[in-house]
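Participant: Here you go, input09.pdb (PDB, C-alpha atoms):
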```pdb
ATOM      1  CA  MET E 472       0.000   0.000   0.000
ATOM      2  CA  TYR E 473       2.809   2.418   0.902
ATOM      3  CA  ALA E 474       5.648   0.846  -1.091
ATOM      4  CA  GLY E 475       7.842   3.366  -2.859
ATOM      5  CA  ARG E 476       6.286   6.329  -1.057
ATOM      6  CA  LYS E 477       8.191   8.580   1.319
ATOM      7  CA  LYS E 478       7.416   7.977   4.985
ATOM      8  CA  ARG E 479       8.040  10.047   8.095
ATOM      9  CA  LEU E 480       7.968   8.702  11.638
ATOM     10  CA  ILE E 481       6.970  11.105  14.398
ATOM     11  CA  HIS E 482       7.265   9.958  18.008
ATOM     12  CA  LEU E 483       5.395  11.929  20.660
ATOM     13  CA  GLY E 484       7.623  11.470  23.706
ATOM     14  CA  ASP E 485       7.750   9.614  27.039
ATOM     15  CA  TYR E 486      10.452   7.178  25.973
ATOM     16  CA  VAL E 487      11.714   6.845  29.563
ATOM     17  CA  ASP E 488      10.127   5.908  32.904
ATOM     18  CA  ARG E 489       7.236   4.070  31.227
ATOM     19  CA  GLY E 490       8.584   0.546  30.866
ATOM     20  CA  SER E 491      11.348  -1.845  31.794
ATOM     21  CA  ASP E 492      13.897  -0.863  29.141
ATOM     22  CA  SER E 493      14.168   2.911  28.811
ATOM     23  CA  ALA E 494      17.842   2.591  27.902
ATOM     24  CA  GLY E 495      16.988   0.206  25.066
ATOM     25  CA  VAL E 496      14.202   2.457  23.811
ATOM     26  CA  ILE E 497      16.565   5.404  23.502
ATOM     27  CA  GLU E 498      19.189   3.268  21.764
ATOM     28  CA  ALA E 499      16.531   2.032  19.321
ATOM     29  CA  LEU E 500      15.348   5.576  18.560
ATOM     30  CA  LEU E 501      18.910   6.762  18.018
ATOM     31  CA  ASP E 502      19.416   3.890  15.595
ATOM     32  CA  VAL E 503      16.230   4.690  13.669
ATOM     33  CA  GLN E 504      17.216   8.354  13.451
ATOM     34  CA  ASP E 505      20.674   7.388  12.198
ATOM     35  CA  ARG E 506      19.035   5.387   9.397
ATOM     36  CA  MET E 507      16.145   7.710   8.545
ATOM     37  CA  GLY E 508      17.690  11.105   9.221
ATOM     38  CA  ARG E 509      15.173  13.940   9.161
ATOM     39  CA  ASP E 510      12.346  11.527   8.418
ATOM     40  CA  CYS E 511      12.431  10.268  12.010
ATOM     41  CA  ILE E 512      11.297  12.987  14.398
ATOM     42  CA  CYS E 513      11.303  12.462  18.157
ATOM     43  CA  LEU E 514       9.547  14.994  20.364
ATOM     44  CA  GLN E 515      10.289  15.561  24.018
ATOM     45  CA  GLY E 516       7.691  14.470  26.559
ATOM     46  CA  ASN E 517       7.203  15.459  30.167
ATOM     47  CA  HIS E 518       9.100  12.392  31.404
ATOM     48  CA  GLU E 519      12.173  13.338  29.392
ATOM     49  CA  ALA E 520      11.846  16.842  30.871
ATOM     50  CA  MET E 521      11.630  15.442  34.415
ATOM     51  CA  MET E 522      14.656  13.246  33.778
ATOM     52  CA  LEU E 523      16.701  16.177  32.517
ATOM     53  CA  ASN E 524      15.577  18.383  35.400
ATOM     54  CA  GLY E 525      16.586  15.703  37.860
ATOM     55  CA  LEU E 526      19.924  14.806  36.334
ATOM     56  CA  VAL E 527      21.167  17.941  34.604
ATOM     57  CA  GLU E 528      19.277  21.127  35.316
ATOM     58  CA  ALA E 529      18.398  21.342  38.992
ATOM     59  CA  GLY E 530      18.903  19.893  42.455
ATOM     60  CA  GLN E 531      18.033  17.076  44.812
ATOM     61  CA  ALA E 532      14.283  17.780  44.959
ATOM     62  CA  ASP E 533      13.984  17.498  41.168
ATOM     63  CA  TYR E 534      16.045  14.314  41.196
ATOM     64  CA  GLU E 535      13.826  12.735  43.833
ATOM     65  CA  ASN E 536      10.688  13.843  41.982
ATOM     66  CA  TRP E 537      11.947  12.130  38.847
ATOM     67  CA  LEU E 538      12.785   8.932  40.752
ATOM     68  CA  MET E 539       9.265   8.822  42.214
ATOM     69  CA  ASN E 540       7.692   9.221  38.751
ATOM     70  CA  GLY E 541       9.435   6.349  36.999
ATOM     71  CA  GLY E 542      13.063   7.398  37.228
ATOM     72  CA  GLU E 543      13.955   4.438  39.427
ATOM     73  CA  GLU E 544      12.898   2.066  36.640
ATOM     74  CA  THR E 545      14.909   4.086  34.136
ATOM     75  CA  VAL E 546      18.045   3.967  36.273
ATOM     76  CA  ALA E 547      17.550   0.208  36.741
ATOM     77  CA  SER E 548      17.304  -0.286  32.967
ATOM     78  CA  TYR E 549      20.639   1.490  32.446
ATOM     79  CA  ARG E 550      22.255  -0.592  35.168
ATOM     80  CA  ARG E 551      20.965  -3.808  33.569
ATOM     81  CA  SER E 552      22.259  -2.628  30.200
ATOM     82  CA  GLY E 553      25.718  -2.011  31.646
ATOM     83  CA  ILE E 554      25.781   1.639  30.574
ATOM     84  CA  TYR E 555      25.388   3.398  33.892
ATOM     85  CA  PRO E 556      25.987   6.265  34.614
ATOM     86  CA  ILE E 557      23.622   7.358  31.861
ATOM     87  CA  PRO E 558      25.730   8.247  28.793
ATOM     88  CA  LYS E 559      26.186  11.918  27.944
ATOM     89  CA  ARG E 560      25.156  11.003  24.383
ATOM     90  CA  HIS E 561      21.712   9.982  25.648
ATOM     91  CA  LEU E 562      21.304  13.050  27.849
ATOM     92  CA  GLY E 563      22.439  15.351  25.061
ATOM     93  CA  TRP E 564      19.973  13.747  22.672
ATOM     94  CA  LEU E 565      17.103  14.098  25.144
ATOM     95  CA  LYS E 566      17.948  17.759  25.695
ATOM     96  CA  SER E 567      18.022  18.423  21.947
ATOM     97  CA  LEU E 568      14.529  17.049  21.289
ATOM     98  CA  PRO E 569      11.989  19.560  19.974
ATOM     99  CA  LYS E 570       8.739  20.036  21.868
ATOM    100  CA  ILE E 571       6.500  20.521  18.836
ATOM    101  CA  HIS E 572       6.529  19.555  15.167
ATOM    102  CA  ILE E 573       4.355  21.171  12.505
ATOM    103  CA  GLU E 574       3.609  19.821   9.033
ATOM    104  CA  PRO E 575       2.292  22.943   7.273
ATOM    105  CA  ASP E 576       1.516  21.193   4.002
ATOM    106  CA  ARG E 577      -0.811  18.779   5.850
ATOM    107  CA  ASN E 578      -2.154  21.175   8.534
ATOM    108  CA  LEU E 579      -0.901  18.838  11.239
ATOM    109  CA  ILE E 580       0.527  19.814  14.630
ATOM    110  CA  PHE E 581       2.328  17.105  16.612
ATOM    111  CA  VAL E 582       2.991  17.608  20.306
ATOM    112  CA  HIS E 583       3.342  15.459  23.418
ATOM    113  CA  ALA E 584       0.514  16.800  25.595
ATOM    114  CA  GLY E 585      -1.323  19.546  23.722
ATOM    115  CA  ILE E 586      -1.457  23.264  23.062
ATOM    116  CA  ASN E 587      -3.182  26.323  24.472
ATOM    117  CA  PRO E 588      -5.817  26.923  21.785
ATOM    118  CA  ALA E 589      -6.288  30.549  22.838
ATOM    119  CA  GLU E 590      -2.604  31.467  22.564
ATOM    120  CA  PHE E 591      -1.212  29.171  19.866
ATOM    121  CA  PRO E 592       1.342  29.600  18.343
ATOM    122  CA  GLU E 593       2.637  31.894  21.104
ATOM    123  CA  ASP E 594       1.925  29.451  23.945
ATOM    124  CA  ARG E 595       4.602  28.355  26.417
ATOM    125  CA  GLU E 596       6.651  25.218  25.806
ATOM    126  CA  GLU E 597       5.553  23.830  29.183
ATOM    127  CA  VAL E 598       2.046  23.541  27.736
ATOM    128  CA  TYR E 599       3.319  21.216  25.012
ATOM    129  CA  LEU E 600       4.716  18.896  27.699
ATOM    130  CA  TRP E 601       2.150  19.011  30.480
ATOM    131  CA  THR E 602      -1.302  20.357  29.570
ATOM    132  CA  ARG E 603      -4.460  18.534  30.462
ATOM    133  CA  SER E 604      -6.584  21.651  30.194
ATOM    134  CA  GLN E 605     -10.262  21.258  29.405
ATOM    135  CA  ARG E 606      -9.878  24.251  27.078
ATOM    136  CA  PHE E 607      -7.657  22.075  24.918
ATOM    137  CA  PHE E 608      -9.785  18.933  25.076
ATOM    138  CA  ASP E 609     -13.000  20.777  24.183
ATOM    139  CA  VAL E 610     -12.334  21.597  20.548
ATOM    140  CA  ALA E 611     -15.835  23.037  20.152
ATOM    141  CA  SER E 612     -14.678  25.976  22.276
ATOM    142  CA  TRP E 613     -11.619  26.803  20.170
ATOM    143  CA  ARG E 614     -11.874  30.329  18.804
ATOM    144  CA  ASN E 615      -8.362  30.854  17.461
ATOM    145  CA  PRO E 616      -8.533  31.453  13.683
ATOM    146  CA  LYS E 617      -4.934  30.255  13.387
ATOM    147  CA  LEU E 618      -6.150  26.725  14.240
ATOM    148  CA  GLU E 619      -8.941  26.620  11.694
ATOM    149  CA  GLY E 620      -8.475  23.579   9.462
ATOM    150  CA  TRP E 621      -5.623  22.200  11.577
ATOM    151  CA  THR E 622      -5.407  18.939  13.507
ATOM    152  CA  VAL E 623      -3.451  18.551  16.746
ATOM    153  CA  VAL E 624      -2.062  15.051  17.314
ATOM    154  CA  HIS E 625      -1.023  14.329  20.889
ATOM    155  CA  GLY E 626      -0.636  11.798  23.681
ATOM    156  CA  HIS E 627       0.058  12.278  27.431
ATOM    157  CA  THR E 628      -3.513  11.714  28.665
ATOM    158  CA  PRO E 629      -4.710   8.107  28.242
ATOM    159  CA  THR E 630      -8.132   7.728  26.662
ATOM    160  CA  ASP E 631     -10.851   6.207  28.828
ATOM    161  CA  ASP E 632     -11.521   3.247  26.526
ATOM    162  CA  PHE E 633      -7.933   2.750  25.293
ATOM    163  CA  TYR E 634      -8.945   3.673  21.742
ATOM    164  CA  PRO E 635      -7.816   6.842  19.892
ATOM    165  CA  ASP E 636      -9.877   9.939  20.590
ATOM    166  CA  GLN E 637     -10.970  11.891  17.518
ATOM    167  CA  LYS E 638     -13.017  15.010  18.128
ATOM    168  CA  GLN E 639     -15.402  16.545  15.582
ATOM    169  CA  ALA E 640     -15.864  15.448  12.008
ATOM    170  CA  GLN E 641     -12.741  17.308  10.903
ATOM    171  CA  ALA E 642     -10.727  15.668  13.706
ATOM    172  CA  SER E 643      -9.359  18.899  15.157
ATOM    173  CA  ARG E 644      -7.738  16.894  17.947
ATOM    174  CA  ILE E 645      -6.549  13.279  17.882
ATOM    175  CA  ASN E 646      -5.313  11.677  21.085
ATOM    176  CA  ILE E 647      -3.317   8.512  20.412
ATOM    177  CA  ASP E 648      -2.356   7.785  24.025
ATOM    178  CA  THR E 649      -4.309   4.564  24.432
ATOM    179  CA  GLY E 650      -2.924   3.591  27.809
ATOM    180  CA  ALA E 651      -0.136   1.180  26.919
ATOM    181  CA  VAL E 652       1.520   1.838  30.295
ATOM    182  CA  PHE E 653      -1.690   0.720  32.015
ATOM    183  CA  GLY E 654      -2.194  -2.420  29.952
ATOM    184  CA  GLY E 655      -3.970  -0.752  27.035
ATOM    185  CA  ARG E 656      -2.839  -0.483  23.431
ATOM    186  CA  LEU E 657       0.201   1.122  21.869
ATOM    187  CA  THR E 658      -1.214   3.139  18.989
ATOM    188  CA  ALA E 659       0.174   4.769  15.857
ATOM    189  CA  ALA E 660      -1.797   7.029  13.545
ATOM    190  CA  ILE E 661      -1.255   6.900   9.799
ATOM    191  CA  PHE E 662      -1.754  10.144   7.897
ATOM    192  CA  ASP E 663      -2.009   9.420   4.206
ATOM    193  CA  SER E 664      -2.847  12.185   1.753
ATOM    194  CA  GLU E 665      -4.830   9.657  -0.270
ATOM    195  CA  ALA E 666      -6.989   8.261   2.570
ATOM    196  CA  PRO E 667      -8.574   9.228   5.905
ATOM    197  CA  VAL E 668      -6.482   8.880   9.045
ATOM    198  CA  SER E 669      -6.199   5.276  10.229
ATOM    199  CA  PHE E 670      -4.661   3.541  13.235
ATOM    200  CA  ILE E 671      -2.540   0.525  13.976
ATOM    201  CA  TYR E 672      -2.217  -1.104  17.382
ATOM    202  CA  ALA E 673       0.267  -3.260  19.242
TER     203      ALA E 673
END
```
Written as C-alpha cells, how would this file's structure read?
Facilitator:
Amino acid sequence: MYAGRKKRLIHLGDYVDRGSDSAGVIEALLDVQDRMGRDCICLQGNHEAMMLNGLVEAGQADYENWLMNGGEETVASYRRSGIYPIPKRHLGWLKSLPKIHIEPDRNLIFVHAGINPAEFPEDREEVYLWTRSQRFFDVASWRNPKLEGWTVVHGHTPTDDFYPDQKQAQASRINIDTGAVFGGRLTAAIFDSEAPVSFIYA
C-alpha cells in the first residue's frame, strides 16, 4: 500500500520511565534516526523533561521527583544494560529534542501533551509537555482562527476506553495515548494524503 512512497515517523515522547527498558528504547530511537535522518522525528515528553531536570538542570528535589515518577525504573534499565551512569550522548539527545513539530503542508501539529488553543502559536513550551486543560480537550470551544483547518495530534492523557480519541468530524484533535503503560494499546496514527487517518495497534 505504501511501497515506494516517502514515509516520516513522528514519536510523541515519554520514551523513559514508562517501561522496563528505557535505555533500550533510547538506543533504538537513536538507531532509527541514524538510518532515517530527518524523516524520524522524536519529540520531548514530560518524562524526558523530568529526567533532565533531575539529572542535569536542577537539584536534589527534582532528582527525587523524577525517581518517584518512573526514574527508578529508568536507572535500573541502564544498570541492567551495563551503561550506567547514563551516557552523555543519551542526555544530550534528550535535551536536543523539539517540543513541537508542525507539518504545514498537511495542517498537522504534533505535540506530546497539547497546546493552548487561545494562545497558539505563542503558547509556552511547558504547555506542550504538560497540559491537560479542558480548554484544549473541548475543541468546540476553540476560537483561534490560526487553528482553523488544523489537527493537533497528541498523547500524554490516556483515553478512557484505550482507543484513539478523535473530536469533531474534521478531527481537530486526535489523542493517540491509548494507555499502553496501564495495559492498554500502543497506537500509531497513519496520515495518508490519499486516505482518511487510520490507526494501527500493538
Participant: Please determine, counting all atoms listed in the file, which residue among E:Ile481, E:Glu597, E:Ile557, E:Arg614 has the shortest atom-to-atom distance to Ile580 (chain E).
Facilitator: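 Of the candidates, the smallest distance to Ile580 (chain E) is held by E:Ile481.
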Participant: To one decimal place, how far is CA of Val582 (chain E) from CA of Ala532 (chain E) in Å?
Facilitator: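 Calculated distance between CA of Val582 (chain E) and CA of Ala532 (chain E) is 27.1 Å.
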Participant: Of the candidates E:Ser604, E:Ser612, E:Ser664, E:Gln637, which shows the shortest atom-to-atom distance to Ile586 (chain E), using all atoms listed in the file?
Facilitator: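 Closest residue, counting all atoms listed in the file: E:Ser604.
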Participant: Under the PyMOL selection byres ((chain E and resi 524) around 12), which residues of this model are included? Write them out as a PyMOL selection string.
Facilitator: chain E and resi 517-523+525-538+542+562+565-566
Participant: Which polymer residues, whether protein, DNA or RNA, lie within 8 Å of the coordinate (-7.5, 8.1, 24.7) when you count only C-alpha atoms? List them as an mmCIF file with C-alpha atoms, keeping the file's coordinate frame, using the chain letters and numbers from the file.
Facilitator:
```
data_model
loop_
_atom_site.group_PDB
_atom_site.id
_atom_site.type_symbol
_atom_site.label_atom_id
_atom_site.label_comp_id
_atom_site.auth_asym_id
_atom_site.auth_seq_id
_atom_site.Cartn_x
_atom_site.Cartn_y
_atom_site.Cartn_z
ATOM 1 C CA GLY E 626 -0.636 11.798 23.681
ATOM 2 C CA THR E 628 -3.513 11.714 28.665
ATOM 3 C CA PRO E 629 -4.710 8.107 28.242
ATOM 4 C CA THR E 630 -8.132 7.728 26.662
ATOM 5 C CA ASP E 631 -10.851 6.207 28.828
ATOM 6 C CA ASP E 632 -11.521 3.247 26.526
ATOM 7 C CA PHE E 633 -7.933 2.750 25.293
ATOM 8 C CA TYR E 634 -8.945 3.673 21.742
ATOM 9 C CA PRO E 635 -7.816 6.842 19.892
ATOM 10 C CA ASP E 636 -9.877 9.939 20.590
ATOM 11 C CA ASN E 646 -5.313 11.677 21.085
ATOM 12 C CA ILE E 647 -3.317 8.512 20.412
ATOM 13 C CA ASP E 648 -2.356 7.785 24.025
ATOM 14 C CA THR E 649 -4.309 4.564 24.432
ATOM 15 C CA GLY E 650 -2.924 3.591 27.809
#
```
Participant: Counting all atoms listed in the file, which of E:His561, E:Arg476, E:His583, E:Lys570 gets nearest to Tyr549 (chain E)?
Facilitator: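 For Tyr549 (chain E), the nearest of the given residues is E:His561.
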Participant: E:Ala642, E:Ile512, E:Ala499, E:Val652: which is nearest Asp485 (chain E), counting only C-alpha atoms?
Facilitator: E:Val652
Participant: When distances are computed from all atoms listed in the file, which of E:Glu574, E:Asp488, E:Glu593, E:Asp502 shows the smallest separation from Gly541 (chain E)?
Facilitator: E:Asp488
Participant: Nearest to Arg479 (chain E) among E:Asp594, E:Glu619, E:Asp609, E:Asp663, with distances taken over all atoms listed in the file: which residue is it?
Facilitator: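 Closest to Arg479 (chain E), using all atoms listed in the file: E:Asp663.
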Participant: To one decimal in Å, tell me the separation between CA of Ile645 (chain E) and CA of Val624 (chain E).
Facilitator: 4.9 Å
Participant: If you count only C-alpha atoms, which residues fall within 10 Å of Val546 (chain E), apart from same-chain ones fewer than 2 positions away, as an mmCIF file with C-alpha atoms, in the frame of the given file?
Facilitator:
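Output saved as result-v3.cif:
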```cif
data_model
loop_
_atom_site.group_PDB
_atom_site.id
_atom_site.type_symbol
_atom_site.label_atom_id
_atom_site.label_comp_id
_atom_site.auth_asym_id
_atom_site.auth_seq_id
_atom_site.Cartn_x
_atom_site.Cartn_y
_atom_site.Cartn_z
ATOM 1 C CA VAL E 487 11.714 6.845 29.563
ATOM 2 C CA ASP E 488 10.127 5.908 32.904
ATOM 3 C CA SER E 491 11.348 -1.845 31.794
ATOM 4 C CA ASP E 492 13.897 -0.863 29.141
ATOM 5 C CA SER E 493 14.168 2.911 28.811
ATOM 6 C CA ALA E 494 17.842 2.591 27.902
ATOM 7 C CA LEU E 538 12.785 8.932 40.752
ATOM 8 C CA GLY E 541 9.435 6.349 36.999
ATOM 9 C CA GLY E 542 13.063 7.398 37.228
ATOM 10 C CA GLU E 543 13.955 4.438 39.427
ATOM 11 C CA GLU E 544 12.898 2.066 36.640
ATOM 12 C CA SER E 548 17.304 -0.286 32.967
ATOM 13 C CA TYR E 549 20.639 1.490 32.446
ATOM 14 C CA ARG E 550 22.255 -0.592 35.168
ATOM 15 C CA ARG E 551 20.965 -3.808 33.569
ATOM 16 C CA SER E 552 22.259 -2.628 30.200
ATOM 17 C CA ILE E 554 25.781 1.639 30.574
ATOM 18 C CA TYR E 555 25.388 3.398 33.892
ATOM 19 C CA PRO E 556 25.987 6.265 34.614
ATOM 20 C CA ILE E 557 23.622 7.358 31.861
#
```
Participant: Take the point (8.4, 19.7, 25.5) in the file's coordinates, draw a sphere of radius 6 Å around it, and report as a list in words every protein, DNA or RNA residue with an atom inside or on it, counting all atoms listed in the file.
Facilitator: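 Looking at atoms near the point gives Gln515, Gly516, Lys570, Glu596, Tyr599 and Leu600 of chain E.
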Participant: For Asp510 (chain E), please output as a list in words all residues within 8 Å (counting all atoms listed in the file; exclusion window: fewer than 6 positions along the same chain).
Facilitator: Lys478, Arg479, Leu480 and Gln504 of chain E
Participant: Starting from the displayed file, determine the output of the PyMOL selection byres ((chain E and resi 660) around 7) and express the residue list as a PyMOL selection string.
Facilitator: chain E and resi 658-659+661-662+668-671
Participant: Hey, what's within 7 Å of Tyr486 (chain E) if we count only C-alpha atoms and toss same-chain stuff fewer than 2 positions away? As a CSV table (one decimal) with C-alpha atoms, in the frame of the given file, please?
Facilitator:
```csv
chain,number,residue,atom,x,y,z
E,484,GLY,CA,7.6,11.5,23.7
E,489,ARG,CA,7.2,4.1,31.2
E,493,SER,CA,14.2,2.9,28.8
E,496,VAL,CA,14.2,2.5,23.8
E,497,ILE,CA,16.6,5.4,23.5
```
Participant: Give me, please, the distance in Å between CA of Lys617 (chain E) and CA of Arg577 (chain E), quoted to one decimal.
Facilitator: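 So the answer is 14.3 Å.
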Participant: For Asn578 (chain E), list every protein, DNA or RNA residue within 7 Å, evaluated using all atoms listed in the file, and leave out those in the same chain fewer than 4 positions away; present the list as a ChimeraX atom specification.
Facilitator: /E:574,620-622
Participant: When you look at Trp613 (chain E) with a cut-off of 8 Å (counting all atoms listed in the file), what residues show up, excluding the ones that are within fewer than 5 positions of it in the same chain? I need them as a list in words.
Facilitator: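 So the residues in contact are Pro588, Ala589, Arg606 and Phe607 of chain E.
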Participant: Return as JSON the box centre and box size in Å, one decimal, for an axis-aligned box around all listed atoms of region 497-504 of chain E padded by 4 Å per side.
Facilitator:
```
{"center_x": 17.4, "center_y": 5.2, "center_z": 18.5, "size_x": 12.1, "size_y": 14.3, "size_z": 18.1}
```
